[in-house]
file query-v3.pdb (PDB, C-alpha atoms)
ATOM      1  CA  MET A   1       0.000   0.000   0.000
ATOM      2  CA  PHE A   2       2.774   2.396   1.016
ATOM      3  CA  GLU A   3       4.767   1.501  -2.088
ATOM      4  CA  LEU A   4       1.745   2.154  -4.251
ATOM      5  CA  LEU A   5       1.354   5.566  -2.640
ATOM      6  CA  VAL A   6       5.010   6.397  -3.294
ATOM      7  CA  PHE A   7       4.643   5.236  -6.878
ATOM      8  CA  LEU A   8       1.521   7.300  -7.468
ATOM      9  CA  SER A   9       3.033  10.442  -5.979
ATOM     10  CA  LEU A  10       6.214   9.983  -8.034
ATOM     11  CA  LEU A  11       4.045   9.588 -11.112
ATOM     12  CA  THR A  12       2.088  12.740 -10.287
ATOM     13  CA  ILE A  13       5.203  14.770  -9.514
ATOM     14  CA  GLY A  14       6.794  13.473 -12.705
ATOM     15  CA  TYR A  15       3.799  14.450 -14.753
ATOM     16  CA  VAL A  16       3.250  17.897 -13.265
ATOM     17  CA  ALA A  17       6.915  18.894 -13.172
ATOM     18  CA  GLY A  18       7.674  17.290 -16.531
ATOM     19  CA  THR A  19       4.799  19.069 -18.264
ATOM     20  CA  TRP A  20       5.767  22.399 -16.753
ATOM     21  CA  VAL A  21       9.438  22.050 -17.710
ATOM     22  CA  GLU A  22       8.543  20.922 -21.194
ATOM     23  CA  ARG A  23       6.161  23.794 -21.836
ATOM     24  CA  ARG A  24       8.746  26.310 -20.676
ATOM     25  CA  HIS A  25      11.470  24.700 -22.743
ATOM     26  CA  TYR A  26       9.357  24.725 -25.896
ATOM     27  CA  ALA A  27       8.531  28.386 -25.358
ATOM     28  CA  SER A  28      12.233  29.170 -25.022
ATOM     29  CA  ILE A  29      13.162  27.071 -28.079
ATOM     30  CA  GLU A  30      10.566  28.721 -30.290
ATOM     31  CA  GLN A  31      11.526  32.201 -29.208
ATOM     32  CA  ARG A  32      15.252  31.587 -29.756
ATOM     33  CA  GLU A  33      14.707  29.839 -33.068
ATOM     34  CA  ALA A  34      12.828  32.864 -34.311
ATOM     35  CA  ALA A  35      15.583  35.166 -33.078
ATOM     36  CA  LEU A  36      18.357  33.115 -34.709
ATOM     37  CA  LEU A  37      16.572  32.548 -38.014
ATOM     38  CA  HIS A  38      19.179  34.649 -39.824
ATOM     39  CA  GLN A  39      21.814  32.031 -38.952
ATOM     40  CA  VAL A  40      21.292  29.292 -41.507
ATOM     41  CA  SER A  41      22.260  25.727 -40.814
ATOM     42  CA  LEU A  42      22.979  23.492 -43.806
ATOM     43  CA  PRO A  43      23.240  19.722 -43.754
ATOM     44  CA  VAL A  44      25.588  19.848 -46.764
ATOM     45  CA  GLU A  45      28.741  21.612 -47.852
ATOM     46  CA  TYR A  46      28.406  25.268 -48.785
ATOM     47  CA  ASP A  47      28.592  25.590 -52.591
ATOM     48  CA  GLY A  48      30.882  28.613 -52.481
ATOM     49  CA  ALA A  49      28.559  31.021 -54.293
ATOM     50  CA  GLU A  50      29.971  33.796 -52.148
ATOM     51  CA  PRO A  51      33.463  33.941 -50.622
ATOM     52  CA  MET A  52      33.232  32.738 -47.054
ATOM     53  CA  GLU A  53      35.477  32.873 -44.065
ATOM     54  CA  LEU A  54      35.694  29.860 -41.722
ATOM     55  CA  LEU A  55      35.238  30.897 -38.104
ATOM     56  CA  GLY A  56      35.684  27.438 -36.605
ATOM     57  CA  LEU A  57      33.964  24.267 -35.524
ATOM     58  CA  ALA A  58      30.716  25.141 -33.778
ATOM     59  CA  ASN A  59      29.526  22.602 -31.294
ATOM     60  CA  GLY A  60      26.379  22.503 -29.186
ATOM     61  CA  SER A  61      25.413  19.667 -26.917
ATOM     62  CA  VAL A  62      22.644  18.907 -24.418
ATOM     63  CA  VAL A  63      22.211  16.178 -21.833
ATOM     64  CA  ILE A  64      18.609  15.378 -20.978
ATOM     65  CA  SER A  65      16.784  12.900 -18.805
ATOM     66  CA  VAL A  66      13.177  11.779 -18.708
ATOM     67  CA  ASP A  67      10.775  12.295 -15.834
ATOM     68  CA  TYR A  68       9.228   9.405 -13.931
ATOM     69  CA  PHE A  69       5.923   9.689 -15.733
ATOM     70  CA  LYS A  70       7.462   9.528 -19.201
ATOM     71  CA  ARG A  71       9.604   6.586 -18.234
ATOM     72  CA  PHE A  72       6.611   4.678 -16.898
ATOM     73  CA  LEU A  73       4.652   5.405 -20.052
ATOM     74  CA  ALA A  74       7.578   4.238 -22.179
ATOM     75  CA  SER A  75       7.965   1.028 -20.178
ATOM     76  CA  LEU A  76       4.280   0.230 -20.707
ATOM     77  CA  ARG A  77       4.769   1.039 -24.366
ATOM     78  CA  GLN A  78       7.690  -1.358 -24.596
ATOM     79  CA  PHE A  79       5.296  -4.122 -23.596
ATOM     80  CA  PHE A  80       2.709  -3.443 -26.269
ATOM     81  CA  GLY A  81       4.904  -1.933 -28.956
ATOM     82  CA  GLY A  82       4.217   1.102 -31.075
ATOM     83  CA  ARG A  83       5.404   4.691 -31.017
ATOM     84  CA  VAL A  84       7.063   5.767 -27.811
ATOM     85  CA  ALA A  85       5.334   9.125 -28.002
ATOM     86  CA  SER A  86       6.454  10.133 -24.514
ATOM     87  CA  TYR A  87      10.096  10.198 -25.649
ATOM     88  CA  GLU A  88       9.391  11.986 -28.911
ATOM     89  CA  THR A  89       9.011  15.456 -27.403
ATOM     90  CA  LEU A  90      12.106  14.821 -25.326
ATOM     91  CA  LEU A  91      14.310  14.058 -28.304
ATOM     92  CA  ASP A  92      12.738  16.777 -30.393
ATOM     93  CA  ARG A  93      13.547  19.335 -27.711
ATOM     94  CA  ALA A  94      17.073  17.999 -27.326
ATOM     95  CA  ARG A  95      17.845  18.163 -31.058
ATOM     96  CA  ARG A  96      16.540  21.692 -31.414
ATOM     97  CA  GLU A  97      18.290  22.824 -28.246
ATOM     98  CA  ALA A  98      21.587  21.354 -29.469
ATOM     99  CA  VAL A  99      21.297  23.213 -32.798
ATOM    100  CA  LEU A 100      20.440  26.430 -30.946
ATOM    101  CA  ARG A 101      23.480  26.072 -28.701
ATOM    102  CA  MET A 102      25.657  25.449 -31.737
ATOM    103  CA  LYS A 103      24.385  28.677 -33.260
ATOM    104  CA  GLU A 104      24.797  30.563 -29.998
ATOM    105  CA  ALA A 105      28.429  29.427 -29.833
ATOM    106  CA  TYR A 106      29.178  31.615 -32.910
ATOM    107  CA  PRO A 107      26.821  34.630 -32.807
ATOM    108  CA  GLN A 108      28.754  36.299 -35.642
ATOM    109  CA  ALA A 109      28.341  33.321 -38.004
ATOM    110  CA  GLU A 110      25.857  33.607 -40.852
ATOM    111  CA  LEU A 111      25.965  30.029 -41.994
ATOM    112  CA  PHE A 112      26.705  26.639 -40.489
ATOM    113  CA  ALA A 113      27.731  24.088 -43.091
ATOM    114  CA  ASN A 114      27.910  20.299 -42.859
ATOM    115  CA  VAL A 115      25.794  20.272 -39.719
ATOM    116  CA  ARG A 116      25.495  16.856 -38.071
ATOM    117  CA  ILE A 117      23.356  15.788 -35.136
ATOM    118  CA  GLU A 118      24.481  12.848 -33.032
ATOM    119  CA  THR A 119      22.817  11.079 -30.122
ATOM    120  CA  ALA A 120      24.428   9.069 -27.355
ATOM    121  CA  ALA A 121      22.790   7.200 -24.487
ATOM    122  CA  ILE A 122      24.287   7.850 -21.068
ATOM    123  CA  GLY A 123      23.978   5.683 -17.967
ATOM    124  CA  THR A 124      21.575   3.191 -19.491
ATOM    125  CA  LEU A 125      22.647   0.470 -17.100
ATOM    126  CA  TYR A 126      22.194   2.407 -13.892
ATOM    127  CA  ARG A 127      20.818  -0.166 -11.441
ATOM    128  CA  ASN A 128      19.308  -1.977 -14.408
ATOM    129  CA  SER A 129      16.515   0.565 -14.307
ATOM    130  CA  GLY A 130      17.306   1.776 -17.801
ATOM    131  CA  THR A 131      17.383   5.395 -16.697
ATOM    132  CA  ALA A 132      16.921   7.145 -19.990
ATOM    133  CA  CYS A 133      19.564   9.830 -20.154
ATOM    134  CA  LEU A 134      20.705  11.145 -23.499
ATOM    135  CA  GLU A 135      23.252  13.458 -24.971
ATOM    136  CA  VAL A 136      22.444  15.150 -28.237
ATOM    137  CA  CYS A 137      25.283  16.916 -29.958
ATOM    138  CA  ALA A 138      25.060  19.197 -33.021
ATOM    139  CA  TYR A 139      28.158  20.415 -34.830
ATOM    140  CA  GLY A 140      29.099  22.164 -38.039
ATOM    141  CA  SER A 141      31.473  24.631 -39.670
ATOM    142  CA  ALA A 142      30.699  28.200 -38.668
ATOM    143  CA  LEU A 143      31.036  30.509 -41.685
ATOM    144  CA  ARG A 144      30.484  34.167 -42.500
ATOM    145  CA  ARG A 145      30.837  36.322 -45.597
ATOM    146  CA  ARG A 146      34.400  37.468 -46.075
ATOM    147  CA  PRO A 147      34.500  41.234 -45.547
ATOM    148  CA  GLU A 148      35.656  42.889 -48.809
TER     149      GLU A 148
ATOM    150  CA  MET B   1      22.698  28.794 -53.425
ATOM    151  CA  LYS B   2      19.742  30.884 -52.295
ATOM    152  CA  ILE B   3      18.484  29.932 -48.862
ATOM    153  CA  VAL B   4      15.320  31.217 -47.249
ATOM    154  CA  PRO B   5      15.159  30.098 -43.618
ATOM    155  CA  ARG B   6      11.695  29.223 -42.358
ATOM    156  CA  ARG B   7      10.242  28.575 -38.972
ATOM    157  CA  ILE B   8       8.823  25.179 -38.176
ATOM    158  CA  GLU B   9       5.070  25.438 -38.757
ATOM    159  CA  ARG B  10       3.968  21.940 -37.882
ATOM    160  CA  ASN B  11       6.202  19.653 -35.842
ATOM    161  CA  VAL B  12       6.147  16.263 -37.547
ATOM    162  CA  ASN B  13       8.526  14.727 -35.033
ATOM    163  CA  VAL B  14       6.056  14.772 -32.159
ATOM    164  CA  SER B  15       2.925  12.601 -32.174
ATOM    165  CA  PRO B  16      -0.183  14.612 -31.326
ATOM    166  CA  VAL B  17      -1.182  12.337 -28.416
ATOM    167  CA  HIS B  18      -2.000  13.585 -24.938
ATOM    168  CA  PRO B  19       0.217  11.673 -22.474
ATOM    169  CA  LEU B  20      -2.639  11.091 -20.008
ATOM    170  CA  ARG B  21      -4.773   9.634 -22.775
ATOM    171  CA  GLU B  22      -1.947   7.300 -23.713
ATOM    172  CA  LEU B  23      -1.514   6.298 -20.065
ATOM    173  CA  VAL B  24      -5.188   5.401 -19.736
ATOM    174  CA  TRP B  25      -5.115   3.263 -22.890
ATOM    175  CA  LEU B  26      -1.938   1.443 -21.927
ATOM    176  CA  LEU B  27      -3.137   0.789 -18.383
ATOM    177  CA  ALA B  28      -6.481  -0.472 -19.668
ATOM    178  CA  GLY B  29      -4.622  -2.820 -22.009
ATOM    179  CA  ALA B  30      -2.394  -4.141 -19.237
ATOM    180  CA  LEU B  31      -5.353  -4.606 -16.919
ATOM    181  CA  GLY B  32      -7.288  -6.397 -19.654
ATOM    182  CA  LEU B  33      -4.409  -8.807 -20.190
ATOM    183  CA  ILE B  34      -4.201  -9.561 -16.467
ATOM    184  CA  VAL B  35      -7.944 -10.221 -16.261
ATOM    185  CA  VAL B  36      -7.858 -12.497 -19.315
ATOM    186  CA  ALA B  37      -4.871 -14.420 -17.902
ATOM    187  CA  TYR B  38      -6.586 -14.780 -14.509
ATOM    188  CA  VAL B  39      -9.832 -16.099 -15.960
ATOM    189  CA  LEU B  40      -8.045 -18.385 -18.407
ATOM    190  CA  LEU B  41      -5.901 -19.829 -15.628
ATOM    191  CA  GLY B  42      -8.973 -20.497 -13.501
ATOM    192  CA  VAL B  43     -10.753 -22.287 -16.343
ATOM    193  CA  LEU B  44      -7.666 -24.340 -17.200
ATOM    194  CA  VAL B  45      -7.167 -25.379 -13.571
ATOM    195  CA  ASP B  46     -10.752 -26.606 -13.361
ATOM    196  CA  LEU B  47     -10.210 -28.591 -16.558
ATOM    197  CA  VAL B  48      -6.922 -30.104 -15.430
ATOM    198  CA  VAL B  49      -7.482 -30.785 -11.726
ATOM    199  CA  ASP B  50     -10.159 -33.441 -12.249
ATOM    200  CA  ARG B  51      -7.904 -35.305 -14.669
ATOM    201  CA  LEU B  52      -4.782 -35.354 -12.454
ATOM    202  CA  PRO B  53      -3.428 -38.887 -12.125
ATOM    203  CA  PRO B  54      -2.824 -39.913  -8.461
ATOM    204  CA  GLY B  55       0.938 -40.194  -8.978
ATOM    205  CA  LEU B  56       1.254 -36.630 -10.258
ATOM    206  CA  GLU B  57      -1.018 -35.364  -7.513
ATOM    207  CA  ARG B  58       1.246 -36.895  -4.889
ATOM    208  CA  LYS B  59       4.276 -35.299  -6.560
ATOM    209  CA  LEU B  60       2.568 -31.875  -6.554
ATOM    210  CA  SER B  61       1.882 -32.189  -2.833
ATOM    211  CA  VAL B  62       5.622 -32.084  -2.229
ATOM    212  CA  PHE B  63       5.685 -28.454  -3.343
ATOM    213  CA  VAL B  64       3.249 -27.433  -0.640
ATOM    214  CA  THR B  65       4.796 -26.475   2.683
ATOM    215  CA  GLN B  66       3.827 -29.116   5.201
ATOM    216  CA  PRO B  67       3.608 -27.399   8.591
ATOM    217  CA  ARG B  68       4.490 -29.345  11.742
ATOM    218  CA  TRP B  69       2.719 -28.718  15.017
ATOM    219  CA  PRO B  70       3.190 -30.579  18.299
ATOM    220  CA  GLU B  71       0.856 -33.535  18.549
ATOM    221  CA  ALA B  72      -1.293 -34.220  21.576
ATOM    222  CA  PRO B  73      -0.616 -37.317  23.641
ATOM    223  CA  SER B  74      -4.166 -38.313  22.978
ATOM    224  CA  GLU B  75      -5.726 -41.385  24.495
ATOM    225  CA  ASN B  76      -8.591 -41.363  21.998
ATOM    226  CA  ALA B  77      -6.410 -41.267  18.882
ATOM    227  CA  GLN B  78      -7.243 -44.892  18.245
ATOM    228  CA  THR B  79     -10.988 -44.224  18.371
ATOM    229  CA  VAL B  80     -10.741 -41.337  15.914
ATOM    230  CA  GLN B  81      -8.448 -43.329  13.642
ATOM    231  CA  ALA B  82     -10.940 -46.188  13.609
ATOM    232  CA  LEU B  83     -13.774 -43.809  12.769
ATOM    233  CA  LEU B  84     -11.737 -42.374   9.893
ATOM    234  CA  GLN B  85     -11.038 -45.861   8.557
ATOM    235  CA  ARG B  86     -14.744 -46.687   8.668
ATOM    236  CA  LEU B  87     -15.502 -43.541   6.681
ATOM    237  CA  LEU B  88     -12.762 -44.339   4.169
ATOM    238  CA  GLN B  89     -14.240 -47.780   3.589
ATOM    239  CA  GLN B  90     -17.269 -46.014   2.186
ATOM    240  CA  ALA B  91     -15.012 -44.246  -0.321
ATOM    241  CA  PRO B  92     -12.754 -46.844  -1.943
ATOM    242  CA  GLU B  93     -11.746 -44.390  -4.652
ATOM    243  CA  LEU B  94     -10.285 -42.011  -2.061
ATOM    244  CA  GLN B  95      -8.581 -44.834  -0.247
ATOM    245  CA  ALA B  96      -6.834 -45.858  -3.457
ATOM    246  CA  ARG B  97      -5.741 -42.323  -4.281
ATOM    247  CA  TYR B  98      -4.423 -41.176  -0.915
ATOM    248  CA  ASP B  99      -2.462 -42.491   1.973
ATOM    249  CA  VAL B 100      -4.708 -40.764   4.513
ATOM    250  CA  HIS B 101      -3.439 -40.542   8.041
ATOM    251  CA  LEU B 102      -4.545 -38.653  11.118
ATOM    252  CA  GLU B 103      -2.726 -36.253  13.449
ATOM    253  CA  ILE B 104      -4.197 -34.858  16.637
ATOM    254  CA  LEU B 105      -2.760 -31.438  17.459
ATOM    255  CA  ASP B 106      -2.169 -30.168  20.990
ATOM    256  CA  GLN B 107      -4.277 -27.024  20.550
ATOM    257  CA  SER B 108      -7.325 -25.804  22.378
ATOM    258  CA  LEU B 109      -8.573 -24.105  19.195
ATOM    259  CA  VAL B 110     -11.503 -25.948  17.613
ATOM    260  CA  ASN B 111     -10.294 -26.751  14.130
ATOM    261  CA  ALA B 112      -9.695 -29.459  11.545
ATOM    262  CA  MET B 113      -7.945 -29.377   8.195
ATOM    263  CA  ALA B 114      -6.897 -31.554   5.298
ATOM    264  CA  LEU B 115      -3.386 -30.943   3.981
ATOM    265  CA  PRO B 116      -2.406 -31.988   0.464
ATOM    266  CA  GLY B 117      -0.873 -35.461   0.428
ATOM    267  CA  GLY B 118      -3.312 -37.038   2.897
ATOM    268  CA  ARG B 119      -2.577 -35.461   6.296
ATOM    269  CA  ILE B 120      -5.798 -34.811   8.209
ATOM    270  CA  LEU B 121      -5.205 -32.608  11.245
ATOM    271  CA  VAL B 122      -7.701 -32.485  14.114
ATOM    272  CA  THR B 123      -7.153 -30.346  17.211
ATOM    273  CA  GLN B 124      -7.559 -31.615  20.736
ATOM    274  CA  GLY B 125      -9.940 -28.695  21.212
ATOM    275  CA  LEU B 126     -12.265 -30.154  18.611
ATOM    276  CA  LEU B 127     -12.222 -33.591  20.236
ATOM    277  CA  ASP B 128     -13.064 -31.962  23.588
ATOM    278  CA  THR B 129     -15.947 -30.042  22.049
ATOM    279  CA  VAL B 130     -17.721 -32.707  20.001
ATOM    280  CA  GLY B 131     -20.616 -34.347  21.834
ATOM    281  CA  SER B 132     -21.079 -37.474  19.765
ATOM    282  CA  GLU B 133     -19.383 -39.779  17.301
ATOM    283  CA  ASN B 134     -21.734 -38.479  14.608
ATOM    284  CA  GLU B 135     -20.480 -34.920  15.051
ATOM    285  CA  LEU B 136     -16.884 -36.045  14.661
ATOM    286  CA  ALA B 137     -17.800 -38.175  11.653
ATOM    287  CA  MET B 138     -19.361 -35.079  10.062
ATOM    288  CA  VAL B 139     -16.102 -33.141  10.505
ATOM    289  CA  LEU B 140     -13.899 -35.967   9.232
ATOM    290  CA  GLY B 141     -16.262 -36.482   6.314
ATOM    291  CA  HIS B 142     -15.949 -32.789   5.468
ATOM    292  CA  GLU B 143     -12.149 -33.053   5.459
ATOM    293  CA  LEU B 144     -12.300 -36.141   3.233
ATOM    294  CA  GLY B 145     -14.555 -34.104   0.973
ATOM    295  CA  HIS B 146     -11.618 -31.747   0.379
ATOM    296  CA  TYR B 147      -9.643 -34.675  -1.036
ATOM    297  CA  ALA B 148     -12.571 -35.840  -3.144
ATOM    298  CA  GLY B 149     -12.863 -32.347  -4.632
ATOM    299  CA  ARG B 150      -9.059 -31.919  -4.904
ATOM    300  CA  ASP B 151      -9.584 -28.528  -3.276
ATOM    301  CA  ALA B 152      -5.947 -28.006  -2.315
ATOM    302  CA  HIS B 153      -4.793 -28.154  -5.943
ATOM    303  CA  ARG B 154      -7.693 -26.076  -7.114
ATOM    304  CA  ARG B 155      -6.972 -23.367  -4.555
ATOM    305  CA  ARG B 156      -3.214 -23.368  -5.026
ATOM    306  CA  ALA B 157      -3.512 -22.711  -8.739
ATOM    307  CA  GLY B 158      -6.371 -20.239  -8.486
TER     308      GLY B 158
END

call {"tool": "encode", "arguments": {"input": "query-v3.pdb", "output": "structure tokens"}}
result
Amino acid sequence: MFELLVFLSLLTIGYVAGTWVERRHYASIEQREAALLHQVSLPVEYDGAEPMELLGLANGSVVISVDYFKRFLASLRQFFGGRVASYETLLDRARREAVLRMKEAYPQAELFANVRIETAAIGTLYRNSGTACLEVCAYGSALRRRPE
Amino acid sequence: MKIVPRRIERNVNVSPVHPLRELVWLLAGALGLIVVAYVLLGVLVDLVVDRLPPGLERKLSVFVTQPRWPEAPSENAQTVQALLQRLLQQAPELQARYDVHLEILDQSLVNAMALPGGRILVTQGLLDTVGSENELAMVLGHELGHYAGRDAHRRRAG
């Protein structure tokens, strides 16, 4: 009975806190994405239409973890199969945050070429609980127009 | 290369499912599975228990914890034993299936039970309380009824 109570309160705390954090994070992401729209990120090489100057390797990375509620939902999902929707927002936020941090690392850059996004799982074997903790890393070449 | 950056209008990477709605569906599914398994197990046990061969039934009894309580130094053990034998003679099928034997427990509590494997336990308290041989025969008959119905195996699995 006591364990059930602990479980239910953890689930509630996870849900309430997780939802609040997520909403705030999305608001921040959308606002920053709009502000940094002038910095273009390209998944390919820049074609050299204009002479560019290489500023350096821009790198942005985030480490994120799931809340208790999301993890419980995902574990139920693993039983039945299907989309793990509770992790989708998590990874979406992490990818966009990583790209934003990459851009913020070079505020003077106008273009990021050859941008790659990589994901790594961290601490997946912690007490066999499969604590979902992820690092998402975005990197690319920071470029700007060569001043004539 | 002419690039026009655009904001994300519709996020295709996130499924439009409310997490609480998903939780309710998944929990209902899990609960449904448990209920189905429970009912199925009960039905299967009822099908199997009546067809258990005596040898297998005896083997299954080994897996049940057989408690030991101090026995009473009873002077009327012989009488009760004889009564039990007389009852068993009326049920040759039971006699063939089980090696029924009697233990009289040194307890003032009024109780009797049939353990899997053929141990019938009767408390001294019960023997002190019964007023006639018929009353005791009723109780012993009830305990033998548990063997006839294979109740221990039914209950253990359900």

call {"tool": "resolve_selection", "arguments": {"input": "query-v3.pdb", "expression": "the PyMOL selection byres ((chain A and resi 69) around 8)", "output": "list in words"}}
result
Leu10, Leu11, Thr12, Gly14, Tyr15, Gly18, Asp67, Tyr68, Lys70, Arg71, Phe72 and Leu73 of chain A

call {"tool": "interface_residues", "arguments": {"input": "query-v3.pdb", "of": "chain B", "to": "chain A", "cutoff": "7 Å", "atoms": "all atoms listed in the file", "output": "list of chain:residue names"}}
result
B:Met1, B:Pro5, B:Arg7, B:Asn13, B:Val14, B:Ser15, B:Pro19, B:Leu23, B:Leu26

call {"tool": "resolve_selection", "arguments": {"input": "query-v3.pdb", "expression": "the PyMOL selection byres ((chain B and resi 142) around 12)", "output": "PDB file with C-alpha atoms, in the coordinates of the input"}}
result
ATOM      1  CA  LEU B  84     -11.737 -42.374   9.893  1.00  0.00           C
ATOM      2  CA  LEU B  87     -15.502 -43.541   6.681  1.00  0.00           C
ATOM      3  CA  ASN B 111     -10.294 -26.751  14.130  1.00  0.00           C
ATOM      4  CA  ALA B 112      -9.695 -29.459  11.545  1.00  0.00           C
ATOM      5  CA  MET B 113      -7.945 -29.377   8.195  1.00  0.00           C
ATOM      6  CA  ALA B 114      -6.897 -31.554   5.298  1.00  0.00           C
ATOM      7  CA  ILE B 120      -5.798 -34.811   8.209  1.00  0.00           C
ATOM      8  CA  VAL B 122      -7.701 -32.485  14.114  1.00  0.00           C
ATOM      9  CA  GLU B 135     -20.480 -34.920  15.051  1.00  0.00           C
ATOM     10  CA  LEU B 136     -16.884 -36.045  14.661  1.00  0.00           C
ATOM     11  CA  ALA B 137     -17.800 -38.175  11.653  1.00  0.00           C
ATOM     12  CA  MET B 138     -19.361 -35.079  10.062  1.00  0.00           C
ATOM     13  CA  VAL B 139     -16.102 -33.141  10.505  1.00  0.00           C
ATOM     14  CA  LEU B 140     -13.899 -35.967   9.232  1.00  0.00           C
ATOM     15  CA  GLY B 141     -16.262 -36.482   6.314  1.00  0.00           C
ATOM     16  CA  GLU B 143     -12.149 -33.053   5.459  1.00  0.00           C
ATOM     17  CA  LEU B 144     -12.300 -36.141   3.233  1.00  0.00           C
ATOM     18  CA  GLY B 145     -14.555 -34.104   0.973  1.00  0.00           C
ATOM     19  CA  HIS B 146     -11.618 -31.747   0.379  1.00  0.00           C
ATOM     20  CA  TYR B 147      -9.643 -34.675  -1.036  1.00  0.00           C
ATOM     21  CA  ALA B 148     -12.571 -35.840  -3.144  1.00  0.00           C
ATOM     22  CA  GLY B 149     -12.863 -32.347  -4.632  1.00  0.00           C
ATOM     23  CA  ASP B 151      -9.584 -28.528  -3.276  1.00  0.00           C
TER      24      ASP B 151
END

call {"tool": "atom_distance", "arguments": {"input": "query-v3.pdb", "atom1": "CA of Ala138 (chain A)", "atom2": "CA of Ile8 (chain B)"}}
result
18.1 Å

call {"tool": "resolve_selection", "arguments": {"input": "query-v3.pdb", "expression": "the PyMOL selection byres ((chain A and resi 99) around 9)", "output": "ChimeraX atom specification"}}
result
/A:41,59-61,94-98,100-104,115,117,137-139

call {"tool": "atom_distance", "arguments": {"input": "query-v3.pdb", "atom1": "CA of Trp20 (chain A)", "atom2": "CA of Ala120 (chain A)"}}
result
25.3 Å

call {"tool": "atom_distance", "arguments": {"input": "query-v3.pdb", "atom1": "CA of Asp106 (chain B)", "atom2": "CA of Asn76 (chain B)"}}
result
12.9 Å

call {"tool": "residues_around", "arguments": {"input": "query-v3.pdb", "residues": "Leu52 (chain B)", "least_positions_apart": "4", "cutoff": "12 Å", "atoms": "all atoms listed in the file", "output": "PDB file with C-alpha atoms, in the coordinates of the input"}}
result
ATOM      1  CA  VAL B  45      -7.167 -25.379 -13.571  1.00  0.00           C
ATOM      2  CA  ASP B  46     -10.752 -26.606 -13.361  1.00  0.00           C
ATOM      3  CA  LEU B  47     -10.210 -28.591 -16.558  1.00  0.00           C
ATOM      4  CA  VAL B  48      -6.922 -30.104 -15.430  1.00  0.00           C
ATOM      5  CA  LEU B  56       1.254 -36.630 -10.258  1.00  0.00           C
ATOM      6  CA  GLU B  57      -1.018 -35.364  -7.513  1.00  0.00           C
ATOM      7  CA  ARG B  58       1.246 -36.895  -4.889  1.00  0.00           C
ATOM      8  CA  LYS B  59       4.276 -35.299  -6.560  1.00  0.00           C
ATOM      9  CA  LEU B  60       2.568 -31.875  -6.554  1.00  0.00           C
ATOM     10  CA  ARG B  97      -5.741 -42.323  -4.281  1.00  0.00           C
ATOM     11  CA  GLY B 149     -12.863 -32.347  -4.632  1.00  0.00           C
ATOM     12  CA  ARG B 150      -9.059 -31.919  -4.904  1.00  0.00           C
ATOM     13  CA  HIS B 153      -4.793 -28.154  -5.943  1.00  0.00           C
ATOM     14  CA  ARG B 154      -7.693 -26.076  -7.114  1.00  0.00           C
TER      15      ARG B 154
END

call {"tool": "axis_aligned_box", "arguments": {"input": "query-v3.pdb", "around": "region 74-84 of chain B", "padding_each_side": "8 Å", "output": "lines of an AutoDock Vina configuration file"}}
result
center_x = -9.0
center_y = -42.3
center_z = 17.2
size_x = 25.6
size_y = 23.9
size_z = 30.6

call {"tool": "residues_around", "arguments": {"input": "query-v3.pdb", "residues": "Arg119 (chain B)", "least_positions_apart": "4", "cutoff": "7 Å", "atoms": "all atoms listed in the file", "output": "PyMOL selection string"}}
result
chain B and resi 100-102+114-115

call {"tool": "write_last_selection", "arguments": {"input": "query-v3.pdb", "atoms": "C-alpha atoms", "output": "PDB file, in the frame of the given file"}}
result
ATOM      1  CA  VAL B 100      -4.708 -40.764   4.513  1.00  0.00           C
ATOM      2  CA  HIS B 101      -3.439 -40.542   8.041  1.00  0.00           C
ATOM      3  CA  LEU B 102      -4.545 -38.653  11.118  1.00  0.00           C
ATOM      4  CA  ALA B 114      -6.897 -31.554   5.298  1.00  0.00           C
ATOM      5  CA  LEU B 115      -3.386 -30.943   3.981  1.00  0.00           C
TER       6      LEU B 115
END
